[in-house]
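Peer 1: Next up, query.cif (mmCIF, C-alpha atoms).
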data_entry
#
loop_
_atom_site.label_atom_id
_atom_site.label_comp_id
_atom_site.auth_asym_id
_atom_site.auth_seq_id
_atom_site.Cartn_x
_atom_site.Cartn_y
_atom_site.Cartn_z
CA MET A 1 42.45 -15.83 -37.21
CA ARG A 2 45.25 -18.38 -37.08
CA ALA A 3 47.06 -16.43 -39.79
CA ILE A 4 46.69 -13.24 -37.75
CA ALA A 5 48.04 -14.98 -34.65
CA SER A 6 51.00 -16.35 -36.59
CA LEU A 7 51.71 -12.93 -38.04
CA SER A 8 51.54 -11.34 -34.59
CA VAL A 9 54.12 -13.80 -33.29
CA LEU A 10 56.43 -12.99 -36.18
CA ILE A 11 56.00 -9.27 -35.61
CA LEU A 12 56.20 -9.15 -31.85
CA PHE A 13 59.14 -11.53 -31.52
CA PRO A 14 61.50 -10.83 -34.46
CA ALA A 15 64.43 -13.16 -34.88
CA LEU A 16 67.72 -11.88 -33.61
CA ALA A 17 70.50 -11.92 -36.16
CA SER A 18 73.80 -13.45 -35.21
CA PRO A 19 76.24 -10.78 -33.96
CA GLU A 20 78.85 -9.31 -36.28
CA GLU A 21 82.49 -10.26 -35.87
CA THR A 22 85.06 -7.62 -34.99
CA VAL A 23 88.13 -8.09 -37.17
CA ARG A 24 90.27 -5.20 -35.90
CA THR A 25 89.98 -2.15 -33.66
CA PHE A 26 91.73 1.20 -34.08
CA SER A 27 92.54 3.51 -31.18
CA TRP A 28 93.73 7.04 -31.85
CA LYS A 29 95.80 7.06 -28.66
CA GLU A 30 97.73 4.08 -29.93
CA ARG A 31 98.36 6.06 -33.11
CA GLY A 32 99.93 9.00 -31.31
CA GLU A 33 96.93 11.22 -30.52
CA LYS A 34 96.57 12.76 -27.04
CA ALA A 35 92.94 11.68 -26.76
CA ASP A 36 91.06 8.74 -28.21
CA TYR A 37 89.51 10.81 -30.96
CA LEU A 38 90.72 12.60 -34.08
CA VAL A 39 89.71 16.12 -35.09
CA VAL A 40 89.57 17.33 -38.71
CA SER A 41 88.60 20.94 -39.40
CA SER A 42 88.58 23.53 -42.15
CA ASP A 43 88.35 27.33 -42.08
CA GLY A 44 86.57 27.37 -45.43
CA ALA A 45 88.66 25.60 -48.06
CA PRO A 46 87.55 22.11 -49.19
CA ARG A 47 89.56 19.35 -47.54
CA THR A 48 89.90 15.60 -47.94
CA VAL A 49 91.88 14.11 -45.07
CA THR A 50 92.90 10.47 -44.86
CA ILE A 51 92.50 9.37 -41.26
CA LEU A 52 93.06 5.61 -41.59
CA THR A 53 94.84 3.25 -43.98
CA VAL A 54 94.59 -0.49 -43.38
CA SER A 55 96.73 -2.79 -45.49
CA ASP A 56 95.80 -6.48 -45.58
CA PRO A 57 92.75 -5.86 -43.34
CA GLY A 58 92.02 -9.57 -42.80
CA VAL A 59 88.42 -9.53 -43.99
CA ARG A 60 87.17 -13.01 -44.96
CA LEU A 61 83.44 -12.44 -45.51
CA SER A 62 81.65 -10.62 -48.31
CA ARG A 63 80.06 -7.96 -46.08
CA TYR A 64 82.14 -5.71 -43.88
CA ALA A 65 82.17 -2.17 -42.51
CA ILE A 66 84.12 0.45 -40.62
CA GLU A 67 82.09 1.52 -37.59
CA GLY A 68 82.55 4.21 -35.00
CA GLN A 69 81.26 7.42 -33.46
CA VAL A 70 81.34 10.85 -35.06
CA ARG A 71 80.64 14.39 -33.86
CA TYR A 72 80.57 17.53 -36.00
CA GLU A 73 80.04 21.26 -35.66
CA ASP A 74 79.07 24.09 -38.01
CA ILE A 75 79.40 22.09 -41.20
CA ALA A 76 78.95 24.29 -44.27
CA GLY A 77 77.25 22.25 -46.97
CA VAL A 78 77.33 18.46 -46.82
CA ALA A 79 80.41 16.70 -45.45
CA TYR A 80 80.84 12.95 -45.32
CA LEU A 81 83.04 10.06 -44.31
CA GLU A 82 84.20 7.71 -47.01
CA MET A 83 85.86 4.31 -47.19
CA TRP A 84 87.76 3.13 -50.25
CA SER A 85 88.04 -0.63 -50.72
CA PHE A 86 90.96 -1.66 -52.93
CA PHE A 87 90.78 -5.01 -54.72
CA PRO A 88 93.26 -6.62 -57.15
CA GLN A 89 91.44 -5.29 -60.22
CA ALA A 90 89.33 -2.39 -58.96
CA ARG A 91 88.50 -0.02 -56.13
CA TYR A 92 85.13 1.06 -54.73
CA PHE A 93 83.93 3.65 -52.25
CA SER A 94 81.25 3.93 -49.57
CA ARG A 95 80.15 7.42 -48.46
CA THR A 96 77.88 8.56 -45.65
CA LEU A 97 75.46 10.50 -47.85
CA ASP A 98 72.14 9.01 -46.77
CA VAL A 99 69.45 11.21 -45.21
CA ALA A 100 68.92 9.10 -42.09
CA GLY A 101 70.42 6.29 -40.05
CA PRO A 102 74.07 5.45 -39.38
CA PHE A 103 74.92 6.06 -43.05
CA ARG A 104 73.63 9.63 -43.08
CA ARG A 105 75.52 12.73 -44.17
CA LEU A 106 77.39 15.16 -41.93
CA GLN A 107 75.38 18.37 -42.04
CA GLY A 108 75.04 21.22 -39.56
CA SER A 109 76.01 20.11 -36.07
CA SER A 110 75.54 16.91 -34.09
CA ASP A 111 76.65 15.42 -30.82
CA TRP A 112 78.25 11.97 -30.83
CA ARG A 113 76.33 9.49 -32.97
CA PRO A 114 77.17 6.12 -34.55
CA PHE A 115 78.17 5.82 -38.17
CA VAL A 116 78.77 2.88 -40.47
CA LEU A 117 80.75 2.67 -43.72
CA PRO A 118 79.60 -0.64 -45.22
CA PHE A 119 80.65 -2.59 -48.27
CA TYR A 120 78.73 -5.43 -49.91
CA SER A 121 80.92 -7.66 -52.04
CA LYS A 122 79.93 -10.68 -54.08
CA VAL A 123 79.96 -13.99 -52.23
CA GLY A 124 83.21 -15.75 -53.07
CA ALA A 125 84.93 -12.60 -54.37
CA PRO A 126 88.52 -11.94 -53.24
CA PRO A 127 88.90 -9.92 -50.04
CA PRO A 128 90.07 -6.29 -50.10
CA GLN A 129 93.79 -5.67 -50.11
CA GLN A 130 93.55 -2.26 -48.52
CA LEU A 131 90.99 0.03 -46.86
CA VAL A 132 91.30 3.81 -46.71
CA VAL A 133 89.03 6.06 -44.63
CA ASN A 134 88.74 9.78 -45.39
CA VAL A 135 86.94 12.78 -43.95
CA VAL A 136 85.67 15.05 -46.73
CA LEU A 137 84.78 18.66 -45.89
CA PRO A 138 83.36 20.86 -48.67
CA GLY A 139 84.05 24.00 -46.66
CA ARG A 140 84.03 25.30 -43.10
CA GLY A 141 83.38 22.88 -40.25
CA THR A 142 84.86 20.52 -37.68
CA VAL A 143 84.54 16.72 -37.61
CA THR A 144 85.62 14.61 -34.64
CA VAL A 145 85.96 10.85 -35.11
CA GLY A 146 86.15 8.40 -32.22
CA PRO A 147 87.78 4.94 -32.11
CA LEU A 148 87.00 2.73 -35.10
CA ARG A 149 86.19 -0.94 -35.60
CA LEU A 150 86.48 -3.11 -38.69
CA VAL A 151 83.68 -5.67 -38.55
CA GLN A 152 82.46 -8.37 -40.92
CA TYR A 153 78.98 -9.80 -41.33
CA GLY A 154 77.29 -12.95 -42.54
CA ASP A 155 75.51 -12.98 -45.88
CA ASP A 156 72.12 -12.57 -44.15
CA GLU A 157 73.19 -9.65 -41.94
CA ASP A 158 72.78 -5.96 -42.73
CA PRO A 159 75.65 -3.65 -41.66
CA LEU A 160 73.24 -0.69 -41.71
CA ALA A 161 70.84 -2.20 -39.20
CA VAL A 162 70.67 0.11 -36.19
CA LYS A 163 72.15 -1.53 -33.11
CA GLY A 164 69.35 -2.62 -30.81
CA ALA A 165 66.75 -2.27 -33.58
CA TRP A 166 64.21 -5.06 -33.91
CA TRP A 167 64.84 -5.24 -37.64
CA SER A 168 66.63 -3.38 -40.42
CA GLY A 169 65.14 -0.76 -42.71
CA ARG A 170 65.02 -3.28 -45.53
CA THR A 171 63.07 -5.73 -43.38
CA GLY A 172 60.78 -2.93 -42.21
CA GLY A 173 59.99 -2.03 -45.80
CA LEU A 174 59.31 -5.67 -46.62
CA VAL A 175 57.03 -6.10 -43.59
CA GLY A 176 55.17 -2.89 -44.42
CA GLY A 177 54.80 -3.82 -48.08
CA LEU A 178 53.57 -7.36 -47.46
CA THR A 179 51.18 -6.29 -44.69
CA GLY A 180 49.89 -3.40 -46.77
CA GLY A 181 49.30 -5.77 -49.70
CA LEU A 182 47.41 -8.19 -47.43
CA VAL A 183 45.26 -5.37 -46.07
CA GLY A 184 44.57 -4.15 -49.59
CA CYS A 185 43.42 -7.61 -50.67
CA LEU A 186 41.16 -7.92 -47.63
CA GLY A 187 39.67 -4.50 -48.29
CA ALA A 188 39.09 -5.30 -51.96
CA LEU A 189 37.34 -8.56 -51.06
CA VAL A 190 35.17 -6.79 -48.48
CA GLY A 191 34.25 -4.14 -51.04
CA LEU A 192 33.41 -6.75 -53.67
CA LEU A 193 31.18 -8.81 -51.39
CA ALA A 194 29.49 -5.72 -49.97
CA GLY A 195 28.85 -4.41 -53.47
CA LEU A 196 27.26 -7.71 -54.45
CA GLU A 197 25.33 -7.65 -51.15
CA LYS A 198 26.34 -11.22 -50.37
CA ALA A 199 28.10 -13.26 -47.69
CA TRP A 200 27.47 -11.03 -44.67
CA SER A 201 29.16 -13.50 -42.32
CA VAL A 202 32.27 -13.56 -44.52
CA VAL A 203 32.38 -9.75 -44.64
CA VAL A 204 32.11 -9.56 -40.83
CA GLY A 205 34.83 -12.18 -40.44
CA LEU A 206 37.19 -10.31 -42.79
CA LEU A 207 36.59 -7.02 -41.02
CA LYS A 208 37.21 -8.62 -37.62
CA ALA A 209 40.42 -10.17 -38.93
CA MET A 210 41.51 -6.78 -40.25
CA LEU A 211 40.69 -5.19 -36.90
CA ALA A 212 42.68 -7.85 -35.04
CA LEU A 213 45.66 -7.27 -37.33
CA GLY A 214 45.30 -3.54 -36.76
CA VAL A 215 45.31 -3.90 -32.98
CA VAL A 216 48.42 -6.09 -33.07
CA ALA A 217 50.27 -3.77 -35.47
CA LEU A 218 49.21 -0.61 -33.62
CA THR A 219 50.35 -2.08 -30.30
CA LEU A 220 53.68 -3.01 -31.82
CA GLY A 221 54.14 0.46 -33.30
CA VAL A 222 53.35 2.21 -30.02
CA VAL A 223 55.70 -0.08 -28.06
CA ALA A 224 58.46 0.50 -30.64
CA LEU A 225 57.93 4.26 -30.39
CA LEU A 226 58.06 4.19 -26.59
CA ARG A 227 61.25 2.13 -26.69
CA ALA A 228 62.91 4.68 -29.02
CA GLN A 229 63.17 2.27 -31.92
CA PRO A 230 64.22 3.87 -35.25
CA TYR A 231 61.77 5.15 -37.85
CA ASP A 232 62.07 2.01 -39.99
CA VAL A 233 60.85 -0.05 -37.04
CA PHE A 234 57.98 1.94 -35.55
CA TYR A 235 56.49 3.57 -38.66
CA PRO A 236 55.38 0.53 -40.76
CA PRO A 237 53.37 -1.21 -38.01
CA LEU A 238 52.05 2.14 -36.77
CA ILE A 239 50.60 3.18 -40.13
CA VAL A 240 49.30 -0.34 -40.84
CA GLY A 241 47.71 -0.47 -37.39
CA ILE A 242 45.95 2.88 -37.80
CA ASN A 243 44.55 1.93 -41.21
CA CYS A 244 43.51 -1.59 -40.20
CA SER A 245 41.81 -0.35 -37.04
CA ALA A 246 40.05 2.62 -38.61
CA VAL A 247 38.59 0.91 -41.69
CA PRO A 248 36.57 -1.79 -39.85
CA LEU A 249 35.38 0.62 -37.17
CA PHE A 250 34.04 3.11 -39.70
CA THR A 251 32.61 0.63 -42.22
CA LEU A 252 31.18 -2.15 -40.08
CA THR A 253 28.19 -0.14 -38.81
CA ALA A 254 27.33 1.17 -42.27
CA LEU A 255 27.61 -2.27 -43.84
CA ARG A 256 25.50 -3.81 -41.07
CA ARG A 257 22.70 -1.34 -41.81
CA ARG A 258 22.97 -2.04 -45.52
CA TYR A 259 22.68 -5.79 -45.05
CA GLU A 260 19.80 -5.36 -42.58
CA GLU A 261 17.93 -3.24 -45.12
CA LEU A 262 18.59 -5.85 -47.78
CA GLU A 263 17.28 -8.62 -45.53
CA LEU A 264 14.22 -6.53 -44.72
CA ARG A 265 13.47 -6.03 -48.41
CA ARG A 266 13.78 -9.76 -48.98
CA MET A 267 11.36 -10.52 -46.14
CA ARG A 268 8.86 -8.00 -47.49
CA ALA A 269 9.17 -9.53 -50.96
CA LEU A 270 8.45 -12.98 -49.54
CA ASP A 271 5.43 -11.67 -47.58
CA ALA A 272 4.05 -10.04 -50.74
CA ARG A 273 3.89 -13.34 -52.60
#
Would you kindly transcribe this structure into structure tokens?
Peer 2:
Amino acid sequence: MRAIASLSVLILFPALASPEETVRTFSWKERGEKADYLVVSSDGAPRTVTILTVSDPGVRLSRYAIEGQVRYEDIAGVAYLEMWSFFPQARYFSRTLDVAGPFRRLQGSSDWRPFVLPFYSKVGAPPPQQLVVNVVLPGRGTVTVGPLRLVQYGDDEDPLAVKGAWWSGRTGGLVGGLTGGLVGCLGALVGLLAGLEKAWSVVVGLLKAMLALGVVALTLGVVALLRAQPYDVFYPPLIVGINCSAVPLFTLTALRRRYEELELRRMRALDAR
């Protein structure tokens, strides 16, 4: 039970990562636009439009990103934003082609939403000499980009973590995987002991521990859902909580009857001697 309590503390009160550092900001008004946004559109022909070029960006850390807000309408196909990072010996790109989150593709229509163009360099590698941001339209559509920020992150920070999220998608996957593995081990041990018809008190203790873990995880998942946390936050504890709560509730009664029948047979065997 102490392990369950410790795990609940870790789940319910996740550590807050240190905030990212803004290196530079980019306003479209300061660059000659009438409003503080930039519109890129196409009547049907594919277009790649460079909207920002940053020479000597001033990045010092190995993780950095261009962040901002984007809105798009009637996109034909899959459009995306891309950032090229130019280094002394090579160049690399980041493209918003994911299916969810701030790195997701531009498809169909959407009101203003955040986007992130991250880059993960090796620790100690030279900084980029130039950054170039493009809007790529495969066909018809309109993309509107708001003011941009160039931010850098520590080695333990994730640029793709949703702002205000309790943890990143990577951490959510790790939590779900480790908790699922723990539940699987507990279930296997319960099944083994029940099959051998031994250690009833241990079986009950394991099932109660699983139920306690399920209640904690289910509560966390529901709270995360009510607070509009992203999928990577609410789904892992929600599915773990449902499984951990359902298994003990459905198996405890059946196992209790089985052990009672076993004990009754033993008592009858002793009386027959």
Peer 1: With distances taken over all atoms listed in the file, which residue among A:Gly187, A:Gly180, A:Gly68, A:Pro248 lies nearest Phe26 in chain A?
Peer 2: A:Gly68
Peer 1: Please identify all polymer residues within 9 Å of Gly77 in chain A, counting all atoms listed in the file, omitting same-chain residues fewer than 5 positions from it, and present them as a ChimeraX atom specification.
Peer 2: /A:106-108,137-140
Peer 1: So which residues are close to (94.0, -4.9, -41.5), meaning at most 9 Å away in the file's coordinates with only C-alpha atoms counted, and can you show them as a list in words?
Peer 2: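 Within the cut-off we find Val23, Arg24, Thr53, Val54, Ser55, Asp56, Pro57, Gly58, Val59, Gln129, Gln130, Leu131 and Leu150 of chain A.
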Peer 1: Written as an mmCIF file with C-alpha atoms, in the coordinates of the input, which residues does the PyMOL selection byres ((chain A and resi 36) around 12) give for the file shown?
Peer 2:
data_model
loop_
_atom_site.group_PDB
_atom_site.id
_atom_site.type_symbol
_atom_site.label_atom_id
_atom_site.label_comp_id
_atom_site.auth_asym_id
_atom_site.auth_seq_id
_atom_site.Cartn_x
_atom_site.Cartn_y
_atom_site.Cartn_z
ATOM 1 C CA PHE A 26 91.730 1.200 -34.080
ATOM 2 C CA SER A 27 92.540 3.510 -31.180
ATOM 3 C CA TRP A 28 93.730 7.040 -31.850
ATOM 4 C CA LYS A 29 95.800 7.060 -28.660
ATOM 5 C CA GLU A 30 97.730 4.080 -29.930
ATOM 6 C CA ARG A 31 98.360 6.060 -33.110
ATOM 7 C CA GLY A 32 99.930 9.000 -31.310
ATOM 8 C CA GLU A 33 96.930 11.220 -30.520
ATOM 9 C CA LYS A 34 96.570 12.760 -27.040
ATOM 10 C CA ALA A 35 92.940 11.680 -26.760
ATOM 11 C CA TYR A 37 89.510 10.810 -30.960
ATOM 12 C CA LEU A 38 90.720 12.600 -34.080
ATOM 13 C CA VAL A 39 89.710 16.120 -35.090
ATOM 14 C CA GLY A 68 82.550 4.210 -35.000
ATOM 15 C CA GLN A 69 81.260 7.420 -33.460
ATOM 16 C CA THR A 144 85.620 14.610 -34.640
ATOM 17 C CA VAL A 145 85.960 10.850 -35.110
ATOM 18 C CA GLY A 146 86.150 8.400 -32.220
ATOM 19 C CA PRO A 147 87.780 4.940 -32.110
ATOM 20 C CA LEU A 148 87.000 2.730 -35.100
#
Peer 1: For a cut-off of 10 Å around (78.9, 3.3, -40.2), file coordinates, pick out all residues using all atoms listed in the file and list them as a list in words.
Peer 2: Ala65, Ile66, Glu67, Gly68, Gln69, Val70, Leu81, Glu82, Met83, Ser94, Arg95, Thr96, Gly101, Pro102, Phe103, Arg104, Arg113, Pro114, Phe115, Val116, Leu117, Pro118, Leu148, Arg149, Pro159, Leu160, Ala161 and Val162 of chain A
Peer 1: By how many Å are CA of Gln229 in chain A and CA of Tyr153 in chain A apart?
Peer 2: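 Pair CA of Gln229 in chain A / CA of Tyr153 in chain A returns 22.0 Å.
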Peer 1: Need the shell around Pro88 in chain A: protein/DNA/RNA residues with any atom at most 9 Å away, counting all atoms listed in the file. Skip same-chain ones fewer than 4 positions apart. Format as a list in words?
Peer 2: Pro126, Pro127, Pro128 and Gln129 of chain A
Peer 1: When you count all atoms listed in the file, which of these residues is closest to Ser41 in chain A: A:Leu97, A:Ala90, A:Leu61, A:Val136?
Peer 2: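 Smallest distance to Ser41 in chain A is found for A:Val136.
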Peer 1: CA of Tyr231 in chain A and CA of Arg63 in chain A, how far apart in Å?
Peer 2: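 A separation of 24.0 Å between them.
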Peer 1: For CA of Phe119 in chain A and CA of Val49 in chain A, quote the distance in Å rounded to one decimal.
Peer 2: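 Value for the CA of Phe119 in chain A-CA of Val49 in chain A distance: 20.4 Å.
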Peer 1: Looking at only C-alpha atoms, which of A:Asp155, A:Gly184, A:Val78, A:Gly205 is the one that sits closest to Asn243 in chain A?
Peer 2: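 With only C-alpha atoms as the atom set, the closest residue is A:Gly184.
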Peer 1: Given all atoms listed in the file as the basis, pick out the residue of A:Lys208, A:Tyr72, A:Gly124, A:Pro46 nearest to Leu186 in chain A.
Peer 2: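 Of all the options, A:Lys208 lies closest to Leu186 in chain A.
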Peer 1: Which one of A:Val123, A:Val151, A:Val190, A:Val143 sits closest to Ser62 in chain A if you count all atoms listed in the file?
Peer 2: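 Distance minimum relative to Ser62 in chain A lands on A:Val123.
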